[in-house]
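See structure below.
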Amino acid sequence: MSMAEAIGRIQSIQSMLQQLSQGISPQATSATADPSAGTASSTDAASFAQALSTAVGGSTTPDVSQLASSLGLDGTAGLSGVAALSGNAALSGIAGLGVLSGGGTGTAAGGVTGDAVVADAKKYVGVPYVWGGTDPAVGMDCSGFVQRVFKDLGVNLPRVVSDQMRQGTPVASLAQAKPGDLLVSFGGEHISIYLGNGKAIDAPVPGQTIQIRDAWEQQSNLTAIRRIVPAGGS
């Protein structure tokens, strides 16, 4: 699914959620509300589940309780709370169902590009390298840093390089790499974020800090280049 299609489907789903929160069925001009709960009825919930399945191209009706649980809500009554989600939050929440993420791809929030990845990564310059670290207040290792940057932007990546290097789409060569792409080197031992113009940012080794430098990754030692979000500028 392309980013444009994903955004279009999310907007359609958000419209359905808005209608449900107002007691309106997505497939009718009126709905049966549960006056005791003050939320969408089970009939509306079923309609929503079917509409969601249709919107994302599914062939079966999702389980409503599983839907609510995946969005961190409490059963069918929680559907009215889903309508409060908007933008990246809605996309990230619905992506938790797996309807927008395929095997081997990161789950990306709408509108994120490689340029946004670069801008967010730069704010961690100076954070010390800590093996196994994921907390910028303490320190991060190379994959913890990459995971944190994308998480800031609503994009879920696995924790370790061996899994991160299988996300997104492959880039054929360093000459074709764009800002925001991931550079994986030495068989999956290290990962950095390409900034463009021969520069990269990474958490290098113990005793050093996250830094911008000339990309020491060369075609000869690169294991993979992966594009997680649409490319940034040249």
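FYI, nothing fancy with the structure tokens labels: chains A, B, ... in order, residues from 1 per chain, ligands from 1 as they appear.
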
Residue contacts of Gly196 of chain A (12 Å, only C-alpha atoms) excluding same-chain residues fewer than 5 positions away, as a PDB file with all heavy atoms, in the first residue's frame:
```
ATOM      1  N   GLY A 114      12.080  11.377   5.023  1.00  0.00           N
ATOM      2  CA  GLY A 114      13.476  11.275   5.439  1.00  0.00           C
ATOM      3  C   GLY A 114      14.003  12.559   6.040  1.00  0.00           C
ATOM      4  O   GLY A 114      14.863  12.530   6.926  1.00  0.00           O
ATOM      5  N   ASP A 115      13.500  13.692   5.576  1.00  0.00           N
ATOM      6  CA  ASP A 115      13.946  14.967   6.131  1.00  0.00           C
ATOM      7  C   ASP A 115      13.571  15.095   7.603  1.00  0.00           C
ATOM      8  O   ASP A 115      14.334  15.632   8.409  1.00  0.00           O
ATOM      9  CB  ASP A 115      13.341  16.131   5.345  1.00  0.00           C
ATOM     10  CG  ASP A 115      13.914  16.243   3.943  1.00  0.00           C
ATOM     11  OD1 ASP A 115      15.076  15.856   3.750  1.00  0.00           O
ATOM     12  OD2 ASP A 115      13.189  16.714   3.044  1.00  0.00           O
ATOM     13  N   VAL A 117      13.207  12.583   9.639  1.00  0.00           N
ATOM     14  CA  VAL A 117      14.100  11.649  10.338  1.00  0.00           C
ATOM     15  C   VAL A 117      15.431  12.330  10.640  1.00  0.00           C
ATOM     16  O   VAL A 117      15.952  12.258  11.760  1.00  0.00           O
ATOM     17  CB  VAL A 117      14.312  10.374   9.496  1.00  0.00           C
ATOM     18  CG1 VAL A 117      15.391   9.490  10.127  1.00  0.00           C
ATOM     19  CG2 VAL A 117      13.013   9.602   9.354  1.00  0.00           C
ATOM     20  N   VAL A 118      15.994  12.998   9.647  1.00  0.00           N
ATOM     21  CA  VAL A 118      17.268  13.688   9.818  1.00  0.00           C
ATOM     22  C   VAL A 118      17.173  14.755  10.905  1.00  0.00           C
ATOM     23  O   VAL A 118      18.039  14.858  11.785  1.00  0.00           O
ATOM     24  CB  VAL A 118      17.715  14.318   8.485  1.00  0.00           C
ATOM     25  CG1 VAL A 118      18.877  15.285   8.697  1.00  0.00           C
ATOM     26  CG2 VAL A 118      18.110  13.229   7.490  1.00  0.00           C
ATOM     27  N   LEU A 174      24.802   2.923  -2.356  1.00  0.00           N
ATOM     28  CA  LEU A 174      25.030   4.132  -1.583  1.00  0.00           C
ATOM     29  C   LEU A 174      24.809   5.377  -2.442  1.00  0.00           C
ATOM     30  O   LEU A 174      24.364   6.411  -1.950  1.00  0.00           O
ATOM     31  CB  LEU A 174      26.452   4.117  -1.016  1.00  0.00           C
ATOM     32  CG  LEU A 174      26.799   5.192   0.012  1.00  0.00           C
ATOM     33  CD1 LEU A 174      25.882   5.121   1.223  1.00  0.00           C
ATOM     34  CD2 LEU A 174      28.264   5.064   0.447  1.00  0.00           C
ATOM     35  N   ALA A 175      25.088   5.260  -3.724  1.00  0.00           N
ATOM     36  CA  ALA A 175      24.883   6.391  -4.632  1.00  0.00           C
ATOM     37  C   ALA A 175      23.406   6.770  -4.731  1.00  0.00           C
ATOM     38  O   ALA A 175      23.070   7.907  -5.067  1.00  0.00           O
ATOM     39  CB  ALA A 175      25.427   6.056  -6.021  1.00  0.00           C
ATOM     40  N   GLN A 176      22.512   5.817  -4.425  1.00  0.00           N
ATOM     41  CA  GLN A 176      21.074   6.067  -4.513  1.00  0.00           C
ATOM     42  C   GLN A 176      20.448   6.363  -3.150  1.00  0.00           C
ATOM     43  O   GLN A 176      19.247   6.606  -3.063  1.00  0.00           O
ATOM     44  CB  GLN A 176      20.370   4.861  -5.146  1.00  0.00           C
ATOM     45  CG  GLN A 176      20.797   4.615  -6.583  1.00  0.00           C
ATOM     46  CD  GLN A 176      20.191   3.352  -7.167  1.00  0.00           C
ATOM     47  OE1 GLN A 176      19.799   2.443  -6.440  1.00  0.00           O
ATOM     48  NE2 GLN A 176      20.121   3.283  -8.492  1.00  0.00           N
ATOM     49  N   ALA A 177      21.266   6.329  -2.097  1.00  0.00           N
ATOM     50  CA  ALA A 177      20.743   6.584  -0.747  1.00  0.00           C
ATOM     51  C   ALA A 177      20.294   8.027  -0.615  1.00  0.00           C
ATOM     52  O   ALA A 177      20.867   8.937  -1.217  1.00  0.00           O
ATOM     53  CB  ALA A 177      21.811   6.261   0.297  1.00  0.00           C
ATOM     54  N   LYS A 178      19.249   8.231   0.195  1.00  0.00           N
ATOM     55  CA  LYS A 178      18.685   9.552   0.437  1.00  0.00           C
ATOM     56  C   LYS A 178      18.651   9.824   1.941  1.00  0.00           C
ATOM     57  O   LYS A 178      18.697   8.892   2.761  1.00  0.00           O
ATOM     58  CB  LYS A 178      17.263   9.628  -0.117  1.00  0.00           C
ATOM     59  CG  LYS A 178      17.161   9.474  -1.624  1.00  0.00           C
ATOM     60  CD  LYS A 178      17.763  10.656  -2.356  1.00  0.00           C
ATOM     61  CE  LYS A 178      17.559  10.550  -3.873  1.00  0.00           C
ATOM     62  NZ  LYS A 178      18.154  11.703  -4.582  1.00  0.00           N
ATOM     63  N   PRO A 179      18.590  11.104   2.335  1.00  0.00           N
ATOM     64  CA  PRO A 179      18.496  11.422   3.755  1.00  0.00           C
ATOM     65  C   PRO A 179      17.355  10.669   4.437  1.00  0.00           C
ATOM     66  O   PRO A 179      16.241  10.613   3.918  1.00  0.00           O
ATOM     67  CB  PRO A 179      18.240  12.936   3.751  1.00  0.00           C
ATOM     68  CG  PRO A 179      18.917  13.419   2.506  1.00  0.00           C
ATOM     69  CD  PRO A 179      18.680  12.339   1.498  1.00  0.00           C
ATOM     70  N   GLY A 180      17.674  10.094   5.591  1.00  0.00           N
ATOM     71  CA  GLY A 180      16.693   9.310   6.339  1.00  0.00           C
ATOM     72  C   GLY A 180      16.813   7.816   6.124  1.00  0.00           C
ATOM     73  O   GLY A 180      16.234   7.028   6.877  1.00  0.00           O
ATOM     74  N   ASP A 181      17.579   7.391   5.102  1.00  0.00           N
ATOM     75  CA  ASP A 181      17.780   5.960   4.876  1.00  0.00           C
ATOM     76  C   ASP A 181      18.677   5.375   5.965  1.00  0.00           C
ATOM     77  O   ASP A 181      19.483   6.090   6.583  1.00  0.00           O
ATOM     78  CB  ASP A 181      18.427   5.711   3.508  1.00  0.00           C
ATOM     79  CG  ASP A 181      17.475   5.981   2.354  1.00  0.00           C
ATOM     80  OD1 ASP A 181      16.261   6.161   2.604  1.00  0.00           O
ATOM     81  OD2 ASP A 181      17.950   6.031   1.206  1.00  0.00           O
ATOM     82  N   LEU A 182      18.560   4.085   6.182  1.00  0.00           N
ATOM     83  CA  LEU A 182      19.380   3.383   7.177  1.00  0.00           C
ATOM     84  C   LEU A 182      20.531   2.681   6.477  1.00  0.00           C
ATOM     85  O   LEU A 182      20.334   1.971   5.481  1.00  0.00           O
ATOM     86  CB  LEU A 182      18.539   2.360   7.935  1.00  0.00           C
ATOM     87  CG  LEU A 182      17.324   2.901   8.693  1.00  0.00           C
ATOM     88  CD1 LEU A 182      16.616   1.770   9.438  1.00  0.00           C
ATOM     89  CD2 LEU A 182      17.718   4.015   9.657  1.00  0.00           C
ATOM     90  N   LEU A 183      21.743   2.875   6.999  1.00  0.00           N
ATOM     91  CA  LEU A 183      22.930   2.217   6.478  1.00  0.00           C
ATOM     92  C   LEU A 183      23.348   1.114   7.442  1.00  0.00           C
ATOM     93  O   LEU A 183      23.680   1.386   8.600  1.00  0.00           O
ATOM     94  CB  LEU A 183      24.074   3.217   6.311  1.00  0.00           C
ATOM     95  CG  LEU A 183      23.789   4.481   5.470  1.00  0.00           C
ATOM     96  CD1 LEU A 183      25.052   5.350   5.412  1.00  0.00           C
ATOM     97  CD2 LEU A 183      23.293   4.135   4.078  1.00  0.00           C
ATOM     98  N   ILE A 201      24.813   9.946  10.653  1.00  0.00           N
ATOM     99  CA  ILE A 201      24.774  10.147  12.107  1.00  0.00           C
ATOM    100  C   ILE A 201      24.573   8.794  12.760  1.00  0.00           C
ATOM    101  O   ILE A 201      23.764   7.985  12.301  1.00  0.00           O
ATOM    102  CB  ILE A 201      23.672  11.148  12.503  1.00  0.00           C
ATOM    103  CG1 ILE A 201      23.695  11.401  14.011  1.00  0.00           C
ATOM    104  CG2 ILE A 201      22.291  10.672  12.041  1.00  0.00           C
ATOM    105  CD1 ILE A 201      22.769  12.557  14.442  1.00  0.00           C
ATOM    106  N   ILE A 212      27.623  13.456  14.062  1.00  0.00           N
ATOM    107  CA  ILE A 212      27.549  13.559  12.609  1.00  0.00           C
ATOM    108  C   ILE A 212      28.970  13.486  12.075  1.00  0.00           C
ATOM    109  O   ILE A 212      29.872  14.144  12.585  1.00  0.00           O
ATOM    110  CB  ILE A 212      26.891  14.886  12.187  1.00  0.00           C
ATOM    111  CG1 ILE A 212      25.438  14.944  12.666  1.00  0.00           C
ATOM    112  CG2 ILE A 212      26.954  15.069  10.672  1.00  0.00           C
ATOM    113  CD1 ILE A 212      24.781  16.299  12.467  1.00  0.00           C
ATOM    114  N   ARG A 213      29.167  12.689  11.051  1.00  0.00           N
ATOM    115  CA  ARG A 213      30.506  12.548  10.490  1.00  0.00           C
ATOM    116  C   ARG A 213      30.405  12.099   9.046  1.00  0.00           C
ATOM    117  O   ARG A 213      29.320  11.746   8.569  1.00  0.00           O
ATOM    118  CB  ARG A 213      31.317  11.546  11.311  1.00  0.00           C
ATOM    119  CG  ARG A 213      30.631  10.204  11.473  1.00  0.00           C
ATOM    120  CD  ARG A 213      31.445   9.266  12.328  1.00  0.00           C
ATOM    121  NE  ARG A 213      30.774   8.002  12.605  1.00  0.00           N
ATOM    122  CZ  ARG A 213      31.410   6.920  13.031  1.00  0.00           C
ATOM    123  NH1 ARG A 213      32.707   6.957  13.232  1.00  0.00           N
ATOM    124  NH2 ARG A 213      30.750   5.807  13.267  1.00  0.00           N
ATOM    125  N   ASP A 214      31.539  12.097   8.378  1.00  0.00           N
ATOM    126  CA  ASP A 214      31.562  11.534   7.038  1.00  0.00           C
ATOM    127  C   ASP A 214      31.156  10.067   7.135  1.00  0.00           C
ATOM    128  O   ASP A 214      31.631   9.338   8.019  1.00  0.00           O
ATOM    129  CB  ASP A 214      32.963  11.626   6.428  1.00  0.00           C
ATOM    130  CG  ASP A 214      33.358  13.062   6.112  1.00  0.00           C
ATOM    131  OD1 ASP A 214      32.449  13.895   5.935  1.00  0.00           O
ATOM    132  OD2 ASP A 214      34.566  13.339   6.048  1.00  0.00           O
ATOM    133  N   ALA A 215      30.264   9.661   6.272  1.00  0.00           N
ATOM    134  CA  ALA A 215      29.799   8.271   6.310  1.00  0.00           C
ATOM    135  C   ALA A 215      30.969   7.336   6.029  1.00  0.00           C
ATOM    136  O   ALA A 215      31.501   7.313   4.926  1.00  0.00           O
ATOM    137  CB  ALA A 215      28.682   8.070   5.292  1.00  0.00           C
ATOM    138  N   ALA A 231      11.671   9.219   0.797  1.00  0.00           N
ATOM    139  CA  ALA A 231      13.008   9.808   0.797  1.00  0.00           C
ATOM    140  C   ALA A 231      12.985  11.292   1.129  1.00  0.00           C
ATOM    141  O   ALA A 231      12.060  12.013   0.770  1.00  0.00           O
ATOM    142  CB  ALA A 231      13.667   9.600  -0.557  1.00  0.00           C
ATOM    143  N   GLY A 232      14.045  11.734   1.811  1.00  0.00           N
ATOM    144  CA  GLY A 232      14.260  13.145   2.043  1.00  0.00           C
ATOM    145  C   GLY A 232      14.920  13.777   0.834  1.00  0.00           C
ATOM    146  O   GLY A 232      15.102  13.134  -0.211  1.00  0.00           O
ATOM    147  N   GLY A 233      15.302  15.038   0.945  1.00  0.00           N
ATOM    148  CA  GLY A 233      15.935  15.748  -0.163  1.00  0.00           C
ATOM    149  C   GLY A 233      17.325  15.208  -0.437  1.00  0.00           C
ATOM    150  O   GLY A 233      17.874  14.421   0.314  1.00  0.00           O
ATOM    151  N   SER A 234      17.896  15.668  -1.526  1.00  0.00           N
ATOM    152  CA  SER A 234      19.221  15.179  -1.913  1.00  0.00           C
ATOM    153  C   SER A 234      20.286  15.880  -1.077  1.00  0.00           C
ATOM    154  O   SER A 234      20.061  16.940  -0.520  1.00  0.00           O
ATOM    155  CB  SER A 234      19.465  15.474  -3.394  1.00  0.00           C
ATOM    156  OG  SER A 234      19.373  16.856  -3.659  1.00  0.00           O
TER     157      SER A 234
END
```

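Pairwise distance (atom CA of Ala116 of chain A, atom CA of Ala224 of chain A) equals 21.4 Å.
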
Interatomic distance, atom CA of Ser173 of chain A to atom CA of Arg226 of chain A (Å, one decimal): 10.1 Å

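Using only C-alpha atoms, the smallest distance between any of A:Gly139, A:Gly207, A:Gly133, A:Gly198 and Arg159 of chain A comes from A:Gly133.
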
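One finds atom CA of Arg148 of chain A at 7.0 Å from atom CA of Thr134 of chain A.
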
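In the backbone-derived DSSP annotation, strand (DSSP E) within segment 104-180 of chain A comprises Thr134, Asp135, Gly139, Met140, Thr169 and Pro170 of chain A.
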
Polymer residues at most 9 Å from Glu189 of chain A, only C-alpha atoms, same-chain spacing of 4 or more positions, as a ChimeraX atom specification: /A:161-162,184-185
